[in-house]
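Have a look at work12.pdb below; it lists PDB, C-alpha atoms, pLDDT in the B column.
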ATOM      1  CA  MET E1244      54.492 -99.805  11.072  1.00 53.00           C
ATOM      2  CA  ASN E1245      51.186-101.174  12.308  1.00 59.00           C
ATOM      3  CA  LYS E1246      48.382 -98.619  11.973  1.00 57.00           C
ATOM      4  CA  SER E1247      46.281-100.177  14.769  1.00 56.00           C
ATOM      5  CA  ALA E1248      49.111 -99.685  17.284  1.00 58.00           C
ATOM      6  CA  GLU E1249      49.434 -95.984  16.547  1.00 62.00           C
ATOM      7  CA  LEU E1250      48.070 -93.528  19.067  1.00 57.00           C
ATOM      8  CA  PRO E1251      45.335 -91.169  17.900  1.00 58.00           C
ATOM      9  CA  PRO E1252      46.506 -87.672  17.062  1.00 61.00           C
ATOM     10  CA  HIS E1253      46.185 -85.153  19.873  1.00 62.00           C
ATOM     11  CA  ALA E1254      43.618 -82.400  19.641  1.00 56.00           C
ATOM     12  CA  PRO E1255      45.147 -79.051  18.808  1.00 58.00           C
ATOM     13  CA  ARG E1256      45.825 -76.861  21.831  1.00 62.00           C
ATOM     14  CA  GLN E1257      43.437 -74.019  22.398  1.00 62.00           C
ATOM     15  CA  THR E1258      44.596 -70.483  22.870  1.00 71.00           C
ATOM     16  CA  PRO E1259      45.886 -69.605  26.358  1.00 75.00           C
ATOM     17  CA  PHE E1260      42.854 -67.369  26.977  1.00 72.00           C
ATOM     18  CA  VAL E1261      40.431 -70.215  26.252  1.00 71.00           C
ATOM     19  CA  ASP E1262      42.509 -72.576  28.427  1.00 73.00           C
ATOM     20  CA  THR E1263      42.280 -70.071  31.273  1.00 75.00           C
ATOM     21  CA  LEU E1264      38.511 -69.763  30.854  1.00 71.00           C
ATOM     22  CA  ALA E1265      38.122 -73.542  30.760  1.00 74.00           C
ATOM     23  CA  GLY E1266      39.993 -73.857  34.054  1.00 76.00           C
ATOM     24  CA  LEU E1267      37.765 -71.445  35.975  1.00 75.00           C
ATOM     25  CA  PRO E1268      35.202 -72.828  38.416  1.00 82.00           C
ATOM     26  CA  TRP E1269      32.103 -71.728  36.514  1.00 82.00           C
ATOM     27  CA  TRP E1270      29.758 -73.128  39.144  1.00 81.00           C
ATOM     28  CA  LEU E1271      31.274 -70.750  41.709  1.00 84.00           C
ATOM     29  CA  LEU E1272      30.895 -67.801  39.362  1.00 86.00           C
ATOM     30  CA  ILE E1273      27.236 -68.674  38.761  1.00 90.00           C
ATOM     31  CA  ILE E1274      26.572 -68.929  42.512  1.00 91.00           C
ATOM     32  CA  VAL E1275      28.272 -65.584  43.210  1.00 92.00           C
ATOM     33  CA  LEU E1276      26.370 -63.831  40.417  1.00 93.00           C
ATOM     34  CA  SER E1277      23.085 -65.342  41.616  1.00 94.00           C
ATOM     35  CA  ALA E1278      23.802 -64.160  45.163  1.00 92.00           C
ATOM     36  CA  ILE E1279      24.593 -60.648  43.919  1.00 94.00           C
ATOM     37  CA  LEU E1280      21.373 -60.602  41.891  1.00 90.00           C
ATOM     38  CA  LEU E1281      19.387 -61.826  44.899  1.00 85.00           C
ATOM     39  CA  VAL E1282      20.858 -59.195  47.235  1.00 85.00           C
ATOM     40  CA  TYR E1283      20.233 -56.499  44.634  1.00 87.00           C
ATOM     41  CA  SER E1284      16.612 -57.644  44.314  1.00 82.00           C
ATOM     42  CA  PHE E1285      16.141 -57.507  48.091  1.00 79.00           C
ATOM     43  CA  TYR E1286      17.377 -53.947  48.306  1.00 82.00           C
ATOM     44  CA  SER E1287      15.880 -52.528  45.115  1.00 86.00           C
ATOM     45  CA  ASP E1288      12.398 -54.093  45.159  1.00 84.00           C
ATOM     46  CA  GLN E1289      10.195 -53.139  48.123  1.00 87.00           C
ATOM     47  CA  THR E1290       8.237 -56.414  47.969  1.00 87.00           C
ATOM     48  CA  TYR E1291      11.390 -58.542  48.265  1.00 82.00           C
ATOM     49  CA  ASN E1292      12.655 -56.236  51.002  1.00 83.00           C
ATOM     50  CA  ASP E1293       9.442 -56.703  53.002  1.00 86.00           C
ATOM     51  CA  VAL E1294       9.540 -60.476  52.536  1.00 85.00           C
ATOM     52  CA  PHE E1295      13.187 -60.650  53.575  1.00 84.00           C
ATOM     53  CA  ASN E1296      12.541 -58.522  56.671  1.00 86.00           C
ATOM     54  CA  PHE E1297       9.660 -60.857  57.546  1.00 89.00           C
ATOM     55  CA  ILE E1298      11.730 -64.058  57.325  1.00 91.00           C
ATOM     56  CA  ARG E1299      15.083 -62.675  58.508  1.00 90.00           C
ATOM     57  CA  GLU E1300      14.530 -63.645  62.155  1.00 93.00           C
ATOM     58  CA  GLY E1301      13.609 -67.195  61.142  1.00 94.00           C
ATOM     59  CA  ILE E1302      16.745 -67.488  59.034  1.00 93.00           C
ATOM     60  CA  ILE E1303      18.883 -66.293  61.943  1.00 95.00           C
ATOM     61  CA  VAL E1304      17.263 -68.777  64.364  1.00 96.00           C
ATOM     62  CA  THR E1305      17.684 -71.603  61.852  1.00 96.00           C
ATOM     63  CA  LEU E1306      21.363 -70.833  61.316  1.00 96.00           C
ATOM     64  CA  ARG E1307      21.994 -70.485  65.059  1.00 97.00           C
ATOM     65  CA  VAL E1308      20.257 -73.794  65.886  1.00 97.00           C
ATOM     66  CA  THR E1309      22.050 -75.552  63.024  1.00 96.00           C
ATOM     67  CA  ILE E1310      25.529 -74.335  63.945  1.00 97.00           C
ATOM     68  CA  ILE E1311      25.167 -75.066  67.667  1.00 97.00           C
ATOM     69  CA  ALA E1312      23.473 -78.453  67.173  1.00 97.00           C
ATOM     70  CA  TYR E1313      26.016 -79.552  64.581  1.00 96.00           C
ATOM     71  CA  SER E1314      28.919 -78.534  66.819  1.00 96.00           C
ATOM     72  CA  ILE E1315      27.492 -80.570  69.695  1.00 97.00           C
ATOM     73  CA  SER E1316      26.658 -83.491  67.401  1.00 97.00           C
ATOM     74  CA  ILE E1317      30.284 -83.746  66.281  1.00 97.00           C
ATOM     75  CA  THR E1318      31.360 -84.211  69.912  1.00 97.00           C
ATOM     76  CA  VAL E1319      28.541 -86.657  70.679  1.00 97.00           C
ATOM     77  CA  GLY E1320      29.268 -88.535  67.459  1.00 97.00           C
ATOM     78  CA  LEU E1321      32.973 -88.769  68.224  1.00 97.00           C
ATOM     79  CA  LEU E1322      32.293 -90.211  71.674  1.00 97.00           C
ATOM     80  CA  ALA E1323      29.701 -92.658  70.331  1.00 97.00           C
ATOM     81  CA  GLY E1324      31.957 -93.598  67.407  1.00 96.00           C
ATOM     82  CA  LEU E1325      34.810 -94.351  69.786  1.00 96.00           C
ATOM     83  CA  GLY E1326      32.352 -96.371  71.863  1.00 96.00           C
ATOM     84  CA  ARG E1327      31.375 -98.357  68.770  1.00 95.00           C
ATOM     85  CA  VAL E1328      34.982 -99.463  68.226  1.00 94.00           C
ATOM     86  CA  SER E1329      35.669-100.006  71.934  1.00 93.00           C
ATOM     87  CA  LYS E1330      36.671-103.447  73.150  1.00 93.00           C
ATOM     88  CA  ASN E1331      34.773-102.866  76.419  1.00 95.00           C
ATOM     89  CA  PRO E1332      31.434-104.675  75.928  1.00 95.00           C
ATOM     90  CA  VAL E1333      29.461-102.280  78.165  1.00 97.00           C
ATOM     91  CA  ILE E1334      30.635 -99.158  76.332  1.00 96.00           C
ATOM     92  CA  TYR E1335      30.240-100.881  72.956  1.00 96.00           C
ATOM     93  CA  ASN E1336      26.653-101.986  73.701  1.00 97.00           C
ATOM     94  CA  ILE E1337      25.590 -98.596  75.095  1.00 97.00           C
ATOM     95  CA  ALA E1338      27.028 -96.799  72.043  1.00 96.00           C
ATOM     96  CA  THR E1339      25.441 -99.331  69.680  1.00 96.00           C
ATOM     97  CA  LEU E1340      22.049 -99.006  71.387  1.00 97.00           C
ATOM     98  CA  TYR E1341      22.201 -95.210  71.134  1.00 96.00           C
ATOM     99  CA  VAL E1342      23.242 -95.243  67.464  1.00 96.00           C
ATOM    100  CA  GLN E1343      20.692 -97.857  66.392  1.00 96.00           C
ATOM    101  CA  ILE E1344      17.772 -96.191  68.191  1.00 96.00           C
ATOM    102  CA  MET E1345      18.569 -92.628  67.125  1.00 95.00           C
ATOM    103  CA  ARG E1346      19.265 -93.599  63.509  1.00 94.00           C
ATOM    104  CA  GLY E1347      16.030 -95.572  63.388  1.00 94.00           C
ATOM    105  CA  LEU E1348      13.827 -92.717  64.593  1.00 94.00           C
ATOM    106  CA  PRO E1349      12.678 -89.987  62.215  1.00 96.00           C
ATOM    107  CA  ILE E1350      14.161 -86.644  63.203  1.00 94.00           C
ATOM    108  CA  LEU E1351      10.744 -84.975  63.446  1.00 95.00           C
ATOM    109  CA  VAL E1352       9.610 -87.638  65.917  1.00 96.00           C
ATOM    110  CA  THR E1353      12.808 -87.110  67.893  1.00 95.00           C
ATOM    111  CA  LEU E1354      12.247 -83.338  67.944  1.00 95.00           C
ATOM    112  CA  LEU E1355       8.694 -83.711  69.220  1.00 96.00           C
ATOM    113  CA  TYR E1356       9.561 -86.449  71.710  1.00 95.00           C
ATOM    114  CA  VAL E1357      12.504 -84.557  73.201  1.00 94.00           C
ATOM    115  CA  SER E1358      10.629 -81.239  73.317  1.00 93.00           C
ATOM    116  CA  PHE E1359       7.378 -82.462  74.837  1.00 94.00           C
ATOM    117  CA  VAL E1360       8.295 -85.661  76.710  1.00 94.00           C
ATOM    118  CA  VAL E1361      11.981 -85.974  77.607  1.00 93.00           C
ATOM    119  CA  ILE E1362      12.774 -82.388  78.636  1.00 90.00           C
ATOM    120  CA  PRO E1363       9.607 -81.979  80.794  1.00 88.00           C
ATOM    121  CA  ALA E1364      10.327 -85.348  82.456  1.00 89.00           C
ATOM    122  CA  VAL E1365      13.937 -84.357  83.157  1.00 87.00           C
ATOM    123  CA  ILE E1366      12.805 -80.976  84.507  1.00 83.00           C
ATOM    124  CA  SER E1367      10.305 -82.712  86.781  1.00 82.00           C
ATOM    125  CA  GLN E1368      12.973 -85.052  88.147  1.00 84.00           C
ATOM    126  CA  ILE E1369      15.398 -82.163  88.713  1.00 80.00           C
ATOM    127  CA  ASN E1370      12.632 -80.231  90.503  1.00 78.00           C
ATOM    128  CA  ASN E1371      11.971 -83.262  92.713  1.00 79.00           C
ATOM    129  CA  LEU E1372      15.686 -83.511  93.482  1.00 80.00           C
ATOM    130  CA  GLY E1373      15.803 -79.806  94.370  1.00 77.00           C
ATOM    131  CA  GLU E1374      12.761 -80.124  96.633  1.00 78.00           C
ATOM    132  CA  TYR E1375      14.268 -83.199  98.304  1.00 78.00           C
ATOM    133  CA  LEU E1376      17.592 -81.436  98.893  1.00 78.00           C
ATOM    134  CA  ALA E1377      15.687 -78.454 100.306  1.00 76.00           C
ATOM    135  CA  ALA E1378      13.680 -80.761 102.597  1.00 77.00           C
ATOM    136  CA  ILE E1379      16.839 -82.260 104.105  1.00 82.00           C
ATOM    137  CA  ASN E1380      18.381 -78.756 104.468  1.00 75.00           C
ATOM    138  CA  VAL E1381      21.166 -79.270 101.916  1.00 75.00           C
ATOM    139  CA  LEU E1382      19.872 -76.424  99.713  1.00 73.00           C
ATOM    140  CA  SER E1383      17.634 -73.438 100.386  1.00 73.00           C
ATOM    141  CA  PRO E1384      13.904 -73.820  99.600  1.00 70.00           C
ATOM    142  CA  GLU E1385      14.268 -71.353  96.692  1.00 72.00           C
ATOM    143  CA  ASN E1386      17.161 -73.204  95.017  1.00 69.00           C
ATOM    144  CA  SER E1387      17.576 -73.224  91.249  1.00 66.00           C
ATOM    145  CA  LEU E1388      17.068 -76.998  91.030  1.00 68.00           C
ATOM    146  CA  ALA E1389      13.592 -76.746  92.524  1.00 63.00           C
ATOM    147  CA  LEU E1390      12.697 -73.827  90.247  1.00 66.00           C
ATOM    148  CA  LEU E1391      14.096 -75.188  86.960  1.00 62.00           C
ATOM    149  CA  GLY E1392      11.464 -74.879  84.253  1.00 57.00           C
ATOM    150  CA  ASP E1393       9.492 -72.244  86.171  1.00 59.00           C
ATOM    151  CA  ARG E1394       8.671 -69.247  83.987  1.00 56.00           C
ATOM    152  CA  ARG E1395       8.293 -66.970  86.978  1.00 57.00           C
ATOM    153  CA  ALA E1396      11.835 -67.761  88.112  1.00 58.00           C
ATOM    154  CA  GLY E1397      13.224 -67.210  84.604  1.00 55.00           C
ATOM    155  CA  LEU E1398      14.630 -70.730  84.472  1.00 65.00           C
ATOM    156  CA  GLU E1399      12.479 -72.087  81.666  1.00 76.00           C
ATOM    157  CA  ILE E1400      14.181 -74.191  78.999  1.00 83.00           C
ATOM    158  CA  SER E1401      13.308 -72.612  75.645  1.00 89.00           C
ATOM    159  CA  PHE E1402      12.047 -74.574  72.679  1.00 92.00           C
ATOM    160  CA  GLU E1403      15.099 -73.436  70.742  1.00 94.00           C
ATOM    161  CA  LEU E1404      17.346 -75.144  73.291  1.00 94.00           C
ATOM    162  CA  ARG E1405      15.119 -78.229  73.167  1.00 94.00           C
ATOM    163  CA  ALA E1406      15.481 -78.330  69.377  1.00 96.00           C
ATOM    164  CA  ILE E1407      19.255 -77.974  69.691  1.00 97.00           C
ATOM    165  CA  ILE E1408      19.378 -80.917  72.112  1.00 95.00           C
ATOM    166  CA  ALA E1409      17.189 -83.108  69.892  1.00 96.00           C
ATOM    167  CA  LEU E1410      19.085 -82.301  66.701  1.00 96.00           C
ATOM    168  CA  ALA E1411      22.462 -82.737  68.392  1.00 97.00           C
ATOM    169  CA  PHE E1412      21.597 -86.224  69.596  1.00 95.00           C
ATOM    170  CA  SER E1413      19.963 -87.200  66.291  1.00 96.00           C
ATOM    171  CA  TYR E1414      22.843 -86.057  64.120  1.00 96.00           C
ATOM    172  CA  GLY E1415      25.328 -87.351  66.698  1.00 96.00           C
ATOM    173  CA  ALA E1416      24.214 -90.893  65.877  1.00 96.00           C
ATOM    174  CA  PHE E1417      24.882 -90.336  62.175  1.00 96.00           C
ATOM    175  CA  SER E1418      28.245 -88.735  62.964  1.00 96.00           C
ATOM    176  CA  ALA E1419      29.093 -91.728  65.161  1.00 96.00           C
ATOM    177  CA  GLU E1420      28.778 -94.048  62.186  1.00 96.00           C
ATOM    178  CA  ILE E1421      30.972 -91.739  60.113  1.00 96.00           C
ATOM    179  CA  PHE E1422      33.661 -91.728  62.809  1.00 96.00           C
ATOM    180  CA  ARG E1423      33.371 -95.508  63.304  1.00 95.00           C
ATOM    181  CA  ALA E1424      33.747 -96.157  59.581  1.00 94.00           C
ATOM    182  CA  GLY E1425      36.724 -93.814  59.418  1.00 93.00           C
ATOM    183  CA  ILE E1426      38.431 -95.507  62.340  1.00 90.00           C
ATOM    184  CA  GLU E1427      37.761 -99.002  60.983  1.00 91.00           C
ATOM    185  CA  SER E1428      39.074 -98.042  57.539  1.00 91.00           C
ATOM    186  CA  ILE E1429      42.573 -97.584  58.956  1.00 87.00           C
ATOM    187  CA  GLY E1430      44.664-100.657  58.211  1.00 86.00           C
ATOM    188  CA  ARG E1431      45.835-102.865  61.061  1.00 85.00           C
ATOM    189  CA  GLY E1432      49.495-102.208  60.255  1.00 88.00           C
ATOM    190  CA  GLN E1433      48.970 -98.455  60.307  1.00 87.00           C
ATOM    191  CA  MET E1434      47.102 -98.699  63.614  1.00 80.00           C
ATOM    192  CA  GLU E1435      49.946-100.739  65.154  1.00 86.00           C
ATOM    193  CA  ALA E1436      52.511 -98.265  63.825  1.00 88.00           C
ATOM    194  CA  ALA E1437      50.569 -95.360  65.326  1.00 84.00           C
ATOM    195  CA  ARG E1438      50.340 -97.128  68.690  1.00 83.00           C
ATOM    196  CA  SER E1439      54.063 -97.865  68.660  1.00 88.00           C
ATOM    197  CA  LEU E1440      54.794 -94.173  68.130  1.00 87.00           C
ATOM    198  CA  GLY E1441      52.620 -93.271  71.110  1.00 72.00           C
TER
END
Can the structure in the file be given as structure tokens, please?
Amino acid sequence: MNKSAELPPHAPRQTPFVDTLAGLPWWLLIIVLSAILLVYSFYSDQTYNDVFNFIREGIIVTLRVTIIAYSISITVGLLAGLGRVSKNPVIYNIATLYVQIMRGLPILVTLLYVSFVVIPAVISQINNLGEYLAAINVLSPENSLALLGDRRAGLEISFELRAIIALAFSYGAFSAEIFRAGIESIGRGQMEAARSLG
């Protein structure tokens, strides 16, 4: 028999206990133990407790903005992604323009631009519309359109909401490309089969 054609001998099997340990997700165990140690440090050490109490509100705001903005960006991205694969040239070009501009802008610039330029301009136009509708007696003079953005009326758009809008539209452009790539990766035969099934 030819020695070069022989398969190498298999490594001896380890004990079942070692096999079980080797199959565990050690990275998850390390993360859980680190989290337990961190929580213990926050509650046992007064300095960590003070620091955590100081930054807790910021963490909550960050998580809230992230979750809301990401949820909106998925919807915006799906619509823009469908627009990017549309055969209608108007929808395709509008979706492409949105995706190319938003992906080309840094997110910090988008945050600042939306917060300090776009939202105030939109509020001003809505106020003008409300004043116009009040002037032609369609709405009352104290309508909510005319008072949008007025602190005294309690209709001011917060900076948190402005950040959510900016992040949703920024990440929506990235999500649009993900959806477009996913749709285009489906084979033509599979797409035709799906259409034939309804």
Do you have the atom CA of E:Leu1281-atom CA of E:Asp1293 distance handy?
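For atom CA of E:Leu1281 relative to atom CA of E:Asp1293, the distance reads 13.8 Å.
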Got a sec to check which residues sit within 12 Å of (30.3, -100.3, 70.6), counting only C-alpha atoms, and write them as number ranges by chain?
E: 1322-1343, 1419-1420, 1423
So how many Å separate atom CA of E:Gly1320 and atom CA of E:Gly1301, to one decimal?
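For atom CA of E:Gly1320 relative to atom CA of E:Gly1301, the distance reads 27.2 Å.
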Contacts of E:Asn1292 within 12 Å, all atoms listed in the file, excl. fewer than 6 positions in-chain, as a PDB file with C-alpha atoms, in the coordinates of the input:
ATOM      1  CA  LEU E1281      19.387 -61.826  44.899  1.00 85.00           C
ATOM      2  CA  VAL E1282      20.858 -59.195  47.235  1.00 85.00           C
ATOM      3  CA  TYR E1283      20.233 -56.499  44.634  1.00 87.00           C
ATOM      4  CA  SER E1284      16.612 -57.644  44.314  1.00 82.00           C
ATOM      5  CA  PHE E1285      16.141 -57.507  48.091  1.00 79.00           C
ATOM      6  CA  TYR E1286      17.377 -53.947  48.306  1.00 82.00           C
ATOM      7  CA  ILE E1298      11.730 -64.058  57.325  1.00 91.00           C
ATOM      8  CA  ARG E1299      15.083 -62.675  58.508  1.00 90.00           C
TER       9      ARG E1299
END
Given the PyMOL selection byres ((chain E and resi 1402) around 12), the residues it picks as a PyMOL selection string
chain E and resi 1304+1308+1354-1355+1357-1359+1362-1363+1392+1399-1401+1403-1409
Written record: stretch 1289-1326 of chain E, N, CA and C atoms, as an mmCIF file, in the first residue's frame:
data_model
loop_
_atom_site.group_PDB
_atom_site.id
_atom_site.type_symbol
_atom_site.label_atom_id
_atom_site.label_comp_id
_atom_site.auth_asym_id
_atom_site.auth_seq_id
_atom_site.Cartn_x
_atom_site.Cartn_y
_atom_site.Cartn_z
ATOM 1 N N GLN E 1289 -18.271 53.723 46.170
ATOM 2 C CA GLN E 1289 -19.015 54.979 46.135
ATOM 3 C C GLN E 1289 -18.599 55.857 44.959
ATOM 4 N N THR E 1290 -17.320 55.835 44.592
ATOM 5 C CA THR E 1290 -16.852 56.657 43.471
ATOM 6 C C THR E 1290 -17.509 56.210 42.169
ATOM 7 N N TYR E 1291 -17.504 54.904 41.905
ATOM 8 C CA TYR E 1291 -18.159 54.384 40.699
ATOM 9 C C TYR E 1291 -19.659 54.667 40.725
ATOM 10 N N ASN E 1292 -20.254 54.556 41.902
ATOM 11 C CA ASN E 1292 -21.684 54.824 42.039
ATOM 12 C C ASN E 1292 -21.997 56.275 41.697
ATOM 13 N N ASP E 1293 -21.169 57.201 42.176
ATOM 14 C CA ASP E 1293 -21.372 58.620 41.861
ATOM 15 C C ASP E 1293 -21.196 58.890 40.370
ATOM 16 N N VAL E 1294 -20.172 58.284 39.779
ATOM 17 C CA VAL E 1294 -19.931 58.474 38.344
ATOM 18 C C VAL E 1294 -21.102 57.911 37.538
ATOM 19 N N PHE E 1295 -21.559 56.730 37.902
ATOM 20 C CA PHE E 1295 -22.673 56.127 37.169
ATOM 21 C C PHE E 1295 -23.935 56.967 37.296
ATOM 22 N N ASN E 1296 -24.220 57.476 38.493
ATOM 23 C CA ASN E 1296 -25.389 58.336 38.675
ATOM 24 C C ASN E 1296 -25.268 59.613 37.851
ATOM 25 N N PHE E 1297 -24.043 60.090 37.663
ATOM 26 C CA PHE E 1297 -23.816 61.310 36.887
ATOM 27 C C PHE E 1297 -24.063 61.081 35.400
ATOM 28 N N ILE E 1298 -23.680 59.913 34.880
ATOM 29 C CA ILE E 1298 -23.808 59.674 33.436
ATOM 30 C C ILE E 1298 -25.043 58.855 33.064
ATOM 31 N N ARG E 1299 -25.812 58.418 34.051
ATOM 32 C CA ARG E 1299 -26.969 57.564 33.777
ATOM 33 C C ARG E 1299 -27.970 58.232 32.834
ATOM 34 N N GLU E 1300 -28.273 59.503 33.050
ATOM 35 C CA GLU E 1300 -29.242 60.187 32.195
ATOM 36 C C GLU E 1300 -28.741 60.265 30.749
ATOM 37 N N GLY E 1301 -27.450 60.503 30.574
ATOM 38 C CA GLY E 1301 -26.886 60.538 29.227
ATOM 39 C C GLY E 1301 -26.960 59.189 28.536
ATOM 40 N N ILE E 1302 -26.746 58.127 29.293
ATOM 41 C CA ILE E 1302 -26.845 56.782 28.720
ATOM 42 C C ILE E 1302 -28.277 56.503 28.284
ATOM 43 N N ILE E 1303 -29.237 56.903 29.106
ATOM 44 C CA ILE E 1303 -30.645 56.672 28.775
ATOM 45 C C ILE E 1303 -31.035 57.449 27.519
ATOM 46 N N VAL E 1304 -30.613 58.721 27.432
ATOM 47 C CA VAL E 1304 -30.925 59.530 26.243
ATOM 48 C C VAL E 1304 -30.278 58.919 25.006
ATOM 49 N N THR E 1305 -29.036 58.482 25.134
ATOM 50 C CA THR E 1305 -28.335 57.880 23.995
ATOM 51 C C THR E 1305 -29.047 56.625 23.514
ATOM 52 N N LEU E 1306 -29.438 55.765 24.435
ATOM 53 C CA LEU E 1306 -30.140 54.540 24.047
ATOM 54 C C LEU E 1306 -31.492 54.850 23.415
ATOM 55 N N ARG E 1307 -32.220 55.821 23.997
ATOM 56 C CA ARG E 1307 -33.525 56.186 23.444
ATOM 57 C C ARG E 1307 -33.390 56.738 22.022
ATOM 58 N N VAL E 1308 -32.456 57.670 21.820
ATOM 59 C CA VAL E 1308 -32.244 58.256 20.490
ATOM 60 C C VAL E 1308 -31.820 57.176 19.502
ATOM 61 N N THR E 1309 -30.933 56.288 19.924
ATOM 62 C CA THR E 1309 -30.443 55.231 19.038
ATOM 63 C C THR E 1309 -31.559 54.289 18.615
ATOM 64 N N ILE E 1310 -32.356 53.838 19.562
ATOM 65 C CA ILE E 1310 -33.418 52.876 19.249
ATOM 66 C C ILE E 1310 -34.468 53.504 18.339
ATOM 67 N N ILE E 1311 -34.894 54.725 18.653
ATOM 68 C CA ILE E 1311 -35.924 55.374 17.836
ATOM 69 C C ILE E 1311 -35.384 55.696 16.447
ATOM 70 N N ALA E 1312 -34.177 56.268 16.384
ATOM 71 C CA ALA E 1312 -33.605 56.644 15.081
ATOM 72 C C ALA E 1312 -33.353 55.415 14.221
ATOM 73 N N TYR E 1313 -32.881 54.339 14.826
ATOM 74 C CA TYR E 1313 -32.621 53.133 14.037
ATOM 75 C C TYR E 1313 -33.918 52.521 13.525
ATOM 76 N N SER E 1314 -34.966 52.552 14.346
ATOM 77 C CA SER E 1314 -36.258 52.022 13.901
ATOM 78 C C SER E 1314 -36.787 52.813 12.710
ATOM 79 N N ILE E 1315 -36.678 54.130 12.773
ATOM 80 C CA ILE E 1315 -37.132 54.963 11.657
ATOM 81 C C ILE E 1315 -36.236 54.752 10.443
ATOM 82 N N SER E 1316 -34.933 54.613 10.673
ATOM 83 C CA SER E 1316 -34.005 54.464 9.544
ATOM 84 C C SER E 1316 -34.241 53.168 8.776
ATOM 85 N N ILE E 1317 -34.703 52.135 9.449
ATOM 86 C CA ILE E 1317 -35.017 50.883 8.756
ATOM 87 C C ILE E 1317 -36.157 51.115 7.762
ATOM 88 N N THR E 1318 -37.187 51.854 8.192
ATOM 89 C CA THR E 1318 -38.312 52.146 7.305
ATOM 90 C C THR E 1318 -37.884 53.036 6.147
ATOM 91 N N VAL E 1319 -37.142 54.105 6.467
ATOM 92 C CA VAL E 1319 -36.654 55.012 5.420
ATOM 93 C C VAL E 1319 -35.744 54.254 4.458
ATOM 94 N N GLY E 1320 -34.872 53.423 4.996
ATOM 95 C CA GLY E 1320 -33.959 52.651 4.161
ATOM 96 C C GLY E 1320 -34.680 51.661 3.268
ATOM 97 N N LEU E 1321 -35.732 51.037 3.794
ATOM 98 C CA LEU E 1321 -36.499 50.101 2.974
ATOM 99 C C LEU E 1321 -37.157 50.824 1.808
ATOM 100 N N LEU E 1322 -37.764 51.976 2.087
ATOM 101 C CA LEU E 1322 -38.408 52.737 1.011
ATOM 102 C C LEU E 1322 -37.385 53.211 -0.017
ATOM 103 N N ALA E 1323 -36.251 53.725 0.461
ATOM 104 C CA ALA E 1323 -35.216 54.193 -0.473
ATOM 105 C C ALA E 1323 -34.589 53.021 -1.223
ATOM 106 N N GLY E 1324 -34.413 51.894 -0.565
ATOM 107 C CA GLY E 1324 -33.863 50.712 -1.233
ATOM 108 C C GLY E 1324 -34.787 50.198 -2.320
ATOM 109 N N LEU E 1325 -36.094 50.205 -2.043
ATOM 110 C CA LEU E 1325 -37.053 49.820 -3.075
ATOM 111 C C LEU E 1325 -37.052 50.833 -4.212
ATOM 112 N N GLY E 1326 -36.854 52.108 -3.874
ATOM 113 C CA GLY E 1326 -36.747 53.132 -4.911
ATOM 114 C C GLY E 1326 -35.519 52.942 -5.777
#
